[in-house]
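**Q** Handing you this structure, nothing more for now.
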Amino acid sequence: MTNPTEILPGVIFYSYFSKERKDKVAFMEHNTLVMQVSGRFSLETATQKIAMGAGEMLLIQKNQLGEITKTPLDDQDYETIVICLQEELLRAIALEEQVETGRKYSGPPNVLIPANDFLRAFFQSVIPYIRNPQGAVTARLATLKVKEAVHLLIHSKPGLEELLFDFSEPYKMDLEKFMLSNFHYNVPVEKFARLTGRSLAGFKRDFQKIFGMAPRHWLQERRLLEARHLIETKNKKPSAIYLDLGFESLSHFSHSFKKKFGKAPSEYPG
């Protein structure tokens, strides 16, 4: 496996995974456009599950937690081109084009983009920079390419302006509902706070009122309870669930489980 090539660090990436499936939990900080070159890409969030194959495109809204699965197919390498649509650049485009901003987007957070010749040609135009990465693209040229991508997106699917140019702050969402849906993601408490539209101090204060304990303590307890449920009622193996429940290692999971319930997860019949 090789690491993703950054054509322009933080803006344009070319991902390449040779013949092996890869799963990861990601915090999507920026709006992101993904073009699938080969293989299968799937994204699962608390509200959506989307998959796409070669030639398909997906626009991912900023400020989301999700599990991404990258799967090679038919003895082909897994390949994607990823365009990061950072807010600073989107604000510049909105000013240049006099786009009305300030409205809160309320549609689906992840949108499959209908394939068309213009977007296909755009991604084809990025390929030469991928294949000749040694200083072939300047920051100015990369910025122009990203602007081109934004204009083509708006042209291909009217209404995307509301998603792309939503610069409103995350609204203060239902913290209890959000945490019960997303507790298994292994991300810092600071990101949970941001995603619920709160400062870290405000998040901890509201969390204590709702759950009666600190966030880190609750997350540990909730993940362990879910683990016991999966092991006892679903006959799941500890090695098959510890990563999905936000534990970084099997040994850490087993130690925490035994401390909580008095016996190791491997001692359960299965």
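Labels used: A, B, ... for chains in the order of the structure tokens, numbers from 1 for residues in each chain, and numbers from 1 for ligands as shown.
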Write out as number ranges by chain the set of residues from range 82-245 of chain A that DSSP, computed on the backbone, places in alpha helix (DSSP H).
**A** A: 87-97, 117-131, 139-156, 160-164, 175-182, 189-195, 200-211, 215-234, 238-241
**Q** So that I have them on file, write out the residues from the current selection with C-alpha atoms, as a compact mmCIF listing (two decimals), in the first residue's frame.
**A**
```
# COMPACT_ATOMS: atom_id res chain seq x y z
CA GLU A 87 -14.12 27.31 3.52
CA GLU A 88 -11.68 30.16 2.89
CA LEU A 89 -11.73 29.46 -0.85
CA LEU A 90 -15.51 28.98 -0.93
CA ARG A 91 -15.94 32.34 0.78
CA ALA A 92 -13.73 33.95 -1.87
CA ILE A 93 -15.83 32.40 -4.65
CA ALA A 94 -19.03 33.58 -2.97
CA LEU A 95 -17.67 37.13 -2.89
CA GLU A 96 -16.49 37.02 -6.51
CA GLU A 97 -19.78 35.62 -7.76
CA ASP A 117 -18.91 15.12 -19.56
CA PHE A 118 -17.81 18.40 -17.96
CA LEU A 119 -16.94 16.89 -14.56
CA ARG A 120 -15.31 13.86 -16.17
CA ALA A 121 -13.17 16.17 -18.29
CA PHE A 122 -12.26 18.18 -15.19
CA PHE A 123 -10.94 15.11 -13.37
CA GLN A 124 -9.10 14.00 -16.50
CA SER A 125 -7.41 17.40 -16.51
CA VAL A 126 -6.10 16.74 -12.98
CA ILE A 127 -4.46 13.42 -13.94
CA PRO A 128 -1.34 14.98 -15.57
CA TYR A 129 -0.50 16.75 -12.30
CA ILE A 130 -0.89 13.46 -10.45
CA ARG A 131 1.47 11.69 -12.81
CA ALA A 139 -0.78 27.07 -5.42
CA ARG A 140 -2.31 29.55 -7.86
CA LEU A 141 -2.99 26.89 -10.48
CA ALA A 142 -4.41 24.48 -7.89
CA THR A 143 -6.73 27.22 -6.63
CA LEU A 144 -8.00 27.76 -10.17
CA LYS A 145 -8.66 24.02 -10.52
CA VAL A 146 -10.65 23.94 -7.29
CA LYS A 147 -12.66 26.99 -8.39
CA GLU A 148 -13.38 25.20 -11.66
CA ALA A 149 -14.63 22.17 -9.70
CA VAL A 150 -17.01 24.36 -7.66
CA HIS A 151 -18.48 26.01 -10.77
CA LEU A 152 -18.96 22.64 -12.47
CA LEU A 153 -20.69 21.22 -9.40
CA ILE A 154 -23.17 24.10 -9.33
CA HIS A 155 -23.75 23.70 -13.07
CA SER A 156 -24.31 19.94 -12.81
CA LEU A 160 -25.76 22.73 -4.37
CA GLU A 161 -24.99 26.39 -3.69
CA GLU A 162 -26.83 26.06 -0.39
CA LEU A 163 -24.55 23.20 0.72
CA LEU A 164 -21.31 24.69 -0.61
CA LEU A 175 -26.64 16.46 22.46
CA GLU A 176 -28.22 13.31 23.89
CA LYS A 177 -29.49 12.10 20.52
CA PHE A 178 -26.19 12.91 18.81
CA MET A 179 -24.02 11.10 21.37
CA LEU A 180 -26.21 7.99 21.42
CA SER A 181 -25.84 7.78 17.63
CA ASN A 182 -22.10 8.53 17.48
CA VAL A 189 -14.09 15.16 23.00
CA GLU A 190 -13.19 18.53 21.45
CA LYS A 191 -14.55 17.35 18.09
CA PHE A 192 -17.76 16.04 19.65
CA ALA A 193 -18.18 19.52 21.15
CA ARG A 194 -17.66 21.24 17.82
CA LEU A 195 -20.05 18.94 15.99
CA LEU A 200 -15.64 22.56 24.96
CA ALA A 201 -16.70 24.05 28.30
CA GLY A 202 -20.33 24.28 27.18
CA PHE A 203 -20.25 20.71 25.89
CA LYS A 204 -18.90 19.36 29.19
CA ARG A 205 -21.45 21.37 31.18
CA ASP A 206 -24.42 20.23 29.07
CA PHE A 207 -23.10 16.66 29.00
CA GLN A 208 -22.91 16.52 32.81
CA LYS A 209 -26.51 17.74 33.07
CA ILE A 210 -27.82 15.15 30.61
CA PHE A 211 -25.74 12.07 31.44
CA PRO A 215 -17.88 12.76 28.59
CA ARG A 216 -14.82 10.49 28.64
CA HIS A 217 -16.24 8.39 31.46
CA TRP A 218 -19.62 8.06 29.74
CA LEU A 219 -18.03 7.15 26.40
CA GLN A 220 -16.02 4.35 28.03
CA GLU A 221 -19.07 3.03 29.90
CA ARG A 222 -21.36 3.20 26.85
CA ARG A 223 -18.87 1.45 24.58
CA LEU A 224 -18.31 -1.35 27.11
CA LEU A 225 -22.05 -1.89 27.57
CA GLU A 226 -22.48 -2.11 23.82
CA ALA A 227 -19.57 -4.56 23.63
CA ARG A 228 -21.15 -6.84 26.24
CA HIS A 229 -24.46 -6.73 24.38
CA LEU A 230 -22.77 -7.73 21.11
CA ILE A 231 -20.78 -10.52 22.74
CA GLU A 232 -23.66 -11.95 24.80
CA THR A 233 -26.54 -11.64 22.34
CA LYS A 234 -24.86 -11.55 18.93
CA PRO A 238 -13.85 -9.28 20.74
CA SER A 239 -11.37 -9.00 17.86
CA ALA A 240 -14.25 -8.20 15.48
CA ILE A 241 -15.79 -5.35 17.47
```
**Q** Among range 44-265 of chain A, which residues carry a DSSP assignment of strand (DSSP E), reported as an NGL selection string?
**A** :A and (44 or 49-52 or 57-60 or 64-71 or 78-85 or 110-113)
**Q** Show which residues sit within 7 Å of Ser42 in chain A, as a VMD selection string. Count only C-alpha atoms, and ignore same-chain residues fewer than 2 positions away.
**A** chain A and resid 40 44 50 to 52 68 to 70
**Q** As an exercise, work out the distance from CA of Ser168 in chain A to CA of Gln61 in chain A in Å and give it to one decimal place.
**A**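 Between these atoms lies a distance of 12.9 Å.
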**Q** From the set A:Gln86, A:Asn116, A:Gln98, A:Thr71, which residue has the shortest atom-to-atom contact distance to Met57 in chain A, counting only C-alpha atoms?
**A**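 Nearest candidate to Met57 in chain A out of A:Gln86, A:Asn116, A:Gln98, A:Thr71: A:Asn116.
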**Q** Please compute the CA of Glu67 in chain A-CA of Thr196 in chain A distance, one decimal, in Å.
**A**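 Going from CA of Glu67 in chain A over to CA of Thr196 in chain A covers 18.4 Å.
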**Q** Measuring atom to atom with only C-alpha atoms, identify which of A:Gly159, A:Gly262, A:Pro72, A:Gly66 is nearest to Tyr105 in chain A.
**A**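 Using only C-alpha atoms, the shortest distance to Tyr105 in chain A belongs to A:Gly159.
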**Q** Mind checking which residues fall within 8 Å of Asn110 in chain A, counting only C-alpha atoms, ignoring those fewer than 5 positions away in the same chain, and posting them as a PyMOL selection string?
**A** chain A and resi 48+58-61
**Q** Which of these residues is nearest to Glu100 in chain A, using only C-alpha atoms: A:Phe167, A:Thr45, A:Lys263, A:Ile81?
**A** A:Phe167
**Q** Can you tell me how far CA of Gln76 in chain A sits from CA of Phe13 in chain A, in Å to one decimal?
**A**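 Separation of CA of Gln76 in chain A and CA of Phe13 in chain A: 19.2 Å.
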**Q** Let me make sure I understand: among A:Lys260, A:His30, A:Lys62, A:Lys24, which one has the smallest atom-to-atom distance to Pro108 in chain A if we use only C-alpha atoms?
**A** A:Lys62
